[in-house]
file query_1.txt (compact mmCIF, C-alpha atoms)
# COMPACT_ATOMS: atom_id res chain seq x y z
CA MET A 27 -35.21 -22.99 -218.67
CA LYS A 28 -34.14 -22.15 -222.23
CA THR A 29 -30.50 -21.93 -221.24
CA LYS A 30 -30.38 -25.72 -220.71
CA LYS A 31 -31.36 -26.27 -224.30
CA TYR A 32 -28.44 -24.23 -225.61
CA ALA A 33 -25.83 -25.11 -222.97
CA ILE A 34 -24.32 -27.82 -225.16
CA TYR A 35 -23.19 -25.07 -227.53
CA PHE A 36 -21.38 -23.00 -224.86
CA PRO A 37 -18.01 -24.76 -225.29
CA TYR A 38 -18.25 -24.13 -229.05
CA LEU A 39 -19.00 -20.46 -228.42
CA VAL A 40 -16.02 -20.24 -226.07
CA PHE A 41 -13.82 -21.86 -228.71
CA ILE A 42 -15.00 -19.47 -231.45
CA LEU A 43 -14.68 -16.39 -229.24
CA SER A 44 -11.23 -17.29 -227.90
CA LEU A 45 -9.97 -18.25 -231.37
CA LEU A 46 -11.35 -15.04 -232.86
CA SER A 47 -9.76 -13.00 -230.06
CA THR A 48 -6.44 -14.73 -230.65
CA ILE A 49 -6.57 -14.10 -234.40
CA ILE A 50 -7.52 -10.43 -233.94
CA SER A 51 -4.74 -9.97 -231.39
CA LEU A 52 -2.19 -11.51 -233.74
CA PHE A 53 -3.55 -9.43 -236.63
CA PHE A 54 -2.97 -6.23 -234.68
CA SER A 55 0.57 -7.18 -233.70
CA GLU A 56 1.84 -9.10 -236.73
CA ILE A 57 0.00 -7.45 -239.65
CA LEU A 58 -0.70 -3.92 -238.40
CA LYS A 59 2.59 -3.91 -236.41
CA PHE A 60 1.10 -2.59 -233.13
CA THR A 61 3.47 -3.58 -230.36
CA PRO A 62 1.47 -4.99 -227.42
CA CYS A 63 1.89 -3.32 -224.05
CA VAL A 64 2.70 -5.25 -220.87
CA LEU A 65 -0.95 -5.65 -219.88
CA CYS A 66 -1.85 -6.79 -223.41
CA TRP A 67 0.80 -9.50 -223.14
CA TYR A 68 -0.69 -10.67 -219.85
CA GLN A 69 -4.16 -10.80 -221.41
CA ARG A 70 -2.76 -12.84 -224.30
CA ILE A 71 -1.25 -15.29 -221.80
CA PHE A 72 -4.76 -16.03 -220.54
CA MET A 73 -6.67 -15.83 -223.85
CA PHE A 74 -4.51 -17.87 -226.21
CA PRO A 75 -4.64 -21.18 -224.25
CA MET A 76 -8.44 -21.03 -224.04
CA ALA A 77 -8.76 -21.70 -227.77
CA LEU A 78 -6.62 -24.82 -227.47
CA ILE A 79 -8.19 -26.05 -224.23
CA SER A 80 -11.72 -25.57 -225.52
CA ALA A 81 -10.87 -27.33 -228.80
CA VAL A 82 -9.43 -30.34 -226.98
CA SER A 83 -12.41 -30.46 -224.60
CA ILE A 84 -14.84 -30.39 -227.53
CA ILE A 85 -12.96 -33.12 -229.40
CA ARG A 86 -12.75 -35.31 -226.30
CA LYS A 87 -16.40 -34.58 -225.42
CA GLN A 88 -15.44 -33.50 -221.89
CA ASN A 89 -18.13 -31.91 -219.75
CA ASP A 90 -15.73 -30.29 -217.29
CA ILE A 91 -14.34 -27.57 -219.59
CA HIS A 92 -15.46 -24.88 -217.16
CA TYR A 93 -12.89 -26.02 -214.58
CA TYR A 94 -10.08 -25.21 -217.01
CA ILE A 95 -11.49 -22.14 -218.74
CA LEU A 96 -12.94 -20.23 -215.78
CA PRO A 97 -9.63 -19.50 -213.98
CA LEU A 98 -8.12 -18.21 -217.22
CA SER A 99 -11.13 -16.08 -218.12
CA VAL A 100 -11.56 -14.57 -214.65
CA ILE A 101 -7.89 -13.59 -214.35
CA GLY A 102 -7.86 -12.28 -217.94
CA PHE A 103 -11.00 -10.26 -217.22
CA ALA A 104 -9.38 -8.75 -214.10
CA ILE A 105 -6.31 -7.69 -216.09
CA ALA A 106 -8.46 -6.22 -218.87
CA LEU A 107 -10.63 -4.39 -216.33
CA TYR A 108 -7.51 -2.95 -214.70
CA GLN A 109 -6.23 -1.74 -218.08
CA ASN A 110 -9.60 -0.21 -218.94
CA LEU A 111 -9.68 1.63 -215.62
CA LEU A 112 -6.29 3.08 -216.56
CA VAL A 113 -7.47 3.99 -220.08
CA TRP A 114 -10.63 5.65 -218.72
CA HIS A 115 -8.45 7.61 -216.22
CA ILE A 116 -10.32 6.16 -213.23
CA LEU A 117 -7.02 4.85 -211.88
CA PRO A 118 -4.02 7.19 -211.85
CA GLU A 119 -1.45 6.82 -214.62
CA GLN A 120 1.33 6.49 -212.01
CA ILE A 121 0.23 2.95 -211.13
CA ALA A 122 0.37 1.72 -214.74
CA PRO A 123 2.94 -1.08 -215.11
CA CYS A 124 3.92 0.18 -218.57
CA THR A 125 6.74 2.55 -217.62
CA ALA A 126 9.02 1.71 -220.55
CA GLY A 127 8.08 0.95 -224.12
CA VAL A 128 4.47 0.91 -225.29
CA SER A 129 1.93 2.73 -223.13
CA CYS A 130 -0.90 0.74 -221.56
CA ILE A 131 -3.03 3.88 -221.54
CA GLN A 132 -2.66 5.32 -225.05
CA GLN A 133 -4.75 3.35 -227.52
CA PRO A 134 -3.75 3.25 -231.20
CA ILE A 135 -7.21 2.11 -232.38
CA THR A 136 -10.69 3.17 -231.35
CA LEU A 137 -13.66 1.68 -233.19
CA PHE A 138 -17.03 3.45 -233.22
CA GLY A 139 -15.52 6.19 -231.07
CA PHE A 140 -15.30 4.13 -227.87
CA VAL A 141 -14.23 0.49 -228.47
CA THR A 142 -10.53 0.10 -227.69
CA ILE A 143 -8.45 -3.06 -227.79
CA PRO A 144 -8.61 -3.51 -223.97
CA LEU A 145 -12.38 -2.98 -224.01
CA GLY A 146 -12.78 -5.66 -226.68
CA SER A 147 -10.60 -7.97 -224.62
CA MET A 148 -12.60 -7.29 -221.46
CA ILE A 149 -15.88 -8.00 -223.27
CA ALA A 150 -14.50 -11.28 -224.67
CA PHE A 151 -13.29 -12.40 -221.23
CA ALA A 152 -16.63 -11.39 -219.66
CA VAL A 153 -18.69 -13.33 -222.21
CA ILE A 154 -16.48 -16.41 -221.84
CA THR A 155 -16.73 -16.19 -218.05
CA VAL A 156 -20.53 -15.94 -218.12
CA LEU A 157 -20.82 -18.82 -220.59
CA MET A 158 -18.62 -21.04 -218.46
CA LEU A 159 -20.40 -20.12 -215.22
CA LEU A 160 -23.74 -21.03 -216.78
CA TYR A 161 -22.32 -24.19 -218.33
CA GLY A 162 -20.78 -25.29 -215.02
CA ARG A 163 -24.01 -24.64 -213.16
CA LEU A 164 -26.04 -26.61 -215.70
CA GLN A 165 -23.52 -29.47 -215.65
CA LYS A 166 -23.81 -29.57 -211.86
CA ASN A 167 -27.62 -29.80 -212.16
CA VAL A 168 -27.30 -32.64 -214.67
CA LYS A 169 -25.00 -34.57 -212.29
CA ASN A 170 -27.37 -34.04 -209.36
CA LYS A 171 -30.31 -35.47 -211.34
CA LYS A 172 -28.47 -38.72 -212.07

call {"tool": "encode", "arguments": {"input": "query_1.txt", "output": "structure tokens"}}
result
Amino acid sequence: MKTKKYAIYFPYLVFILSLLSTIISLFFSEILKFTPCVLCWYQRIFMFPMALISAVSIIRKQNDIHYYILPLSVIGFAIALYQNLLVWHILPEQIAPCTAGVSCIQQPITLFGFVTIPLGSMIAFAVITVLMLLYGRLQKNVKNKK
């Protein structure tokens, strides 16, 4: 399986993706002055620690990074999916938690005509989740062979 060959790089990819997501999120809020909505704050709560956790796991050469990253990425993905369902008008606007302040549904930026901030977040969480699921599965196989 080719995935085994590249699995050692998955924690590095998670680190790069979570760090990049964190930097982009801070760029939007601190440089472009877009105030994050409630759901964006929740997604930040789950994305920001992943950069630090993955960095520490890489430095310490820990093989159990997936135990720490997966809960964060799955919950973050669920929040991002919920926000995207609101943005796409699949879920009714009445159930949006953003009743005061910045709207969770109105998006200030759309790249390429369809990529919104919540969609980018959902993709990042999905990729991190898949990487960590594969990494955890391959680590389990390595342990079973010993």

call {"tool": "atom_distance", "arguments": {"input": "query_1.txt", "atom1": "CA of Ala33 in chain A", "atom2": "CA of Leu157 in chain A"}}
result
8.4 Å

call {"tool": "atom_distance", "arguments": {"input": "query_1.txt", "atom1": "CA of Ser99 in chain A", "atom2": "CA of Gln120 in chain A"}}
result
26.5 Å

call {"tool": "residues_around", "arguments": {"input": "query_1.txt", "residues": "Met148 in chain A", "least_positions_apart": "5", "cutoff": "7 Å", "atoms": "only C-alpha atoms", "output": "JSON list (two decimals) with C-alpha atoms, in the coordinates of the input"}}
result
[["chain", "number", "residue", "atom", "x", "y", "z"],
["A", 103, "PHE", "CA", -11.00, -10.26, -217.22],
["A", 106, "ALA", "CA", -8.46, -6.22, -218.87],
["A", 107, "LEU", "CA", -10.63, -4.39, -216.33]]

call {"tool": "atom_distance", "arguments": {"input": "query_1.txt", "atom1": "CA of Leu39 in chain A", "atom2": "CA of Val141 in chain A"}}
result
21.5 Å

call {"tool": "residues_around", "arguments": {"input": "query_1.txt", "residues": "Phe72 in chain A", "least_positions_apart": "3", "cutoff": "9 Å", "atoms": "all atoms listed in the file", "output": "list in words"}}
result
Trp67, Tyr68, Gln69, Pro75, Met76, Pro97, Leu98, Ser99, Ile101 and Gly102 of chain A

call {"tool": "closest_residue", "arguments": {"input": "query_1.txt", "among": "A:Gln133, A:Arg163, A:Ser147, A:Phe140", "to": "Thr61 in chain A", "atoms": "all atoms listed in the file"}}
result
A:Gln133

call {"tool": "residues_around", "arguments": {"input": "query_1.txt", "residues": "Phe60 in chain A", "least_positions_apart": "2", "cutoff": "12 Å", "atoms": "only C-alpha atoms", "output": "list in words"}}
result
Ile50, Ser51, Leu52, Phe53, Phe54, Ser55, Glu56, Ile57, Leu58, Pro62, Cys63, Cys66, Gly127, Val128, Ser129, Gln132, Gln133, Pro134, Ile135 and Ile143 of chain A

call {"tool": "closest_residue", "arguments": {"input": "query_1.txt", "among": "A:Ile49, A:Leu111, A:Val64, A:Ala152", "to": "Leu96 in chain A", "atoms": "all atoms listed in the file"}}
result
A:Ala152

call {"tool": "closest_residue", "arguments": {"input": "query_1.txt", "among": "A:Leu145, A:Ile34, A:Cys124, A:Leu43", "to": "Ile84 in chain A", "atoms": "all atoms listed in the file"}}
result
A:Ile34

call {"tool": "axis_aligned_box", "arguments": {"input": "query_1.txt", "around": "range 113-117 of chain A", "padding_each_side": "3 Å", "output": "JSON"}}
result
{"center_x": -8.8, "center_y": 5.8, "center_z": -216.0, "size_x": 9.6, "size_y": 9.6, "size_z": 14.2}

call {"tool": "closest_residue", "arguments": {"input": "query_1.txt", "among": "A:Leu137, A:Met158, A:Leu45, A:Met73", "to": "Asn89 in chain A", "atoms": "all atoms listed in the file"}}
result
A:Met158

call {"tool": "closest_residue", "arguments": {"input": "query_1.txt", "among": "A:Ile91, A:Ile121, A:Val100, A:Cys130", "to": "Gln165 in chain A", "atoms": "all atoms listed in the file"}}
result
A:Ile91

call {"tool": "closest_residue", "arguments": {"input": "query_1.txt", "among": "A:Asp90, A:Thr155, A:Leu164, A:Pro123", "to": "Lys31 in chain A", "atoms": "all atoms listed in the file"}}
result
A:Leu164

call {"tool": "decode", "arguments": {"input": "query_1.txt", "residues": "range 31-64 of chain A", "atoms": "N, CA and C atoms", "output": "short mmCIF file (atom, residue, chain, number, x, y, z; two decimals), in the first residue's frame"}}
result
data_model
loop_
_atom_site.label_atom_id
_atom_site.label_comp_id
_atom_site.auth_asym_id
_atom_site.auth_seq_id
_atom_site.Cartn_x
_atom_site.Cartn_y
_atom_site.Cartn_z
N LYS A 31 3.89 4.24 2.92
CA LYS A 31 5.14 4.91 2.60
C LYS A 31 5.12 6.39 2.99
N TYR A 32 3.96 7.01 2.83
CA TYR A 32 3.84 8.45 3.08
C TYR A 32 3.23 8.79 4.43
N ALA A 33 2.82 7.79 5.19
CA ALA A 33 2.14 8.03 6.47
C ALA A 33 3.00 8.81 7.46
N ILE A 34 4.31 8.67 7.37
CA ILE A 34 5.17 9.39 8.31
C ILE A 34 5.08 10.91 8.12
N TYR A 35 4.60 11.32 6.96
CA TYR A 35 4.47 12.75 6.67
C TYR A 35 3.11 13.33 7.09
N PHE A 36 2.15 12.49 7.46
CA PHE A 36 0.82 12.96 7.80
C PHE A 36 0.81 13.95 8.96
N PRO A 37 1.55 13.72 10.04
CA PRO A 37 1.58 14.72 11.11
C PRO A 37 2.12 16.07 10.63
N TYR A 38 3.10 16.04 9.73
CA TYR A 38 3.64 17.29 9.18
C TYR A 38 2.59 18.01 8.34
N LEU A 39 1.83 17.23 7.57
CA LEU A 39 0.76 17.84 6.76
C LEU A 39 -0.32 18.44 7.65
N VAL A 40 -0.65 17.76 8.72
CA VAL A 40 -1.63 18.28 9.67
C VAL A 40 -1.11 19.58 10.29
N PHE A 41 0.15 19.59 10.67
CA PHE A 41 0.75 20.80 11.23
C PHE A 41 0.67 21.96 10.23
N ILE A 42 1.09 21.72 9.00
CA ILE A 42 1.09 22.78 7.98
C ILE A 42 -0.33 23.28 7.72
N LEU A 43 -1.27 22.35 7.57
CA LEU A 43 -2.65 22.74 7.27
C LEU A 43 -3.29 23.49 8.43
N SER A 44 -3.08 23.03 9.66
CA SER A 44 -3.68 23.72 10.80
C SER A 44 -3.02 25.07 11.04
N LEU A 45 -1.71 25.15 10.83
CA LEU A 45 -1.01 26.43 10.98
C LEU A 45 -1.46 27.41 9.90
N LEU A 46 -1.56 26.95 8.68
CA LEU A 46 -2.03 27.79 7.58
C LEU A 46 -3.46 28.27 7.82
N SER A 47 -4.31 27.38 8.29
CA SER A 47 -5.70 27.75 8.61
C SER A 47 -5.75 28.80 9.71
N THR A 48 -4.90 28.64 10.71
CA THR A 48 -4.84 29.60 11.80
C THR A 48 -4.38 30.97 11.30
N ILE A 49 -3.34 30.98 10.49
CA ILE A 49 -2.81 32.24 9.96
C ILE A 49 -3.84 32.93 9.07
N ILE A 50 -4.51 32.18 8.21
CA ILE A 50 -5.54 32.76 7.33
C ILE A 50 -6.69 33.32 8.15
N SER A 51 -7.11 32.58 9.17
CA SER A 51 -8.19 33.05 10.04
C SER A 51 -7.80 34.35 10.74
N LEU A 52 -6.60 34.41 11.25
CA LEU A 52 -6.14 35.64 11.91
C LEU A 52 -5.95 36.78 10.92
N PHE A 53 -5.55 36.46 9.70
CA PHE A 53 -5.42 37.48 8.65
C PHE A 53 -6.77 38.12 8.37
N PHE A 54 -7.81 37.28 8.24
CA PHE A 54 -9.14 37.81 7.96
C PHE A 54 -9.64 38.71 9.10
N SER A 55 -9.38 38.29 10.34
CA SER A 55 -9.93 39.07 11.46
C SER A 55 -9.04 40.25 11.86
N GLU A 56 -7.74 40.08 11.85
CA GLU A 56 -6.86 41.13 12.36
C GLU A 56 -6.38 42.10 11.28
N ILE A 57 -6.20 41.65 10.07
CA ILE A 57 -5.71 42.52 8.99
C ILE A 57 -6.88 43.08 8.17
N LEU A 58 -7.76 42.18 7.72
CA LEU A 58 -8.90 42.63 6.91
C LEU A 58 -10.07 43.12 7.75
N LYS A 59 -9.98 42.93 9.07
CA LYS A 59 -10.97 43.43 10.04
C LYS A 59 -12.37 42.82 9.88
N PHE A 60 -12.44 41.54 9.44
CA PHE A 60 -13.72 40.82 9.42
C PHE A 60 -13.95 40.26 10.81
N THR A 61 -15.04 40.65 11.42
CA THR A 61 -15.37 40.13 12.74
C THR A 61 -15.91 38.71 12.59
N PRO A 62 -15.33 37.74 13.29
CA PRO A 62 -15.82 36.36 13.18
C PRO A 62 -17.19 36.20 13.82
N CYS A 63 -18.01 35.37 13.21
CA CYS A 63 -19.32 35.06 13.78
C CYS A 63 -19.16 34.02 14.88
N VAL A 64 -20.24 33.69 15.55
CA VAL A 64 -20.20 32.73 16.66
C VAL A 64 -19.65 31.38 16.20
#
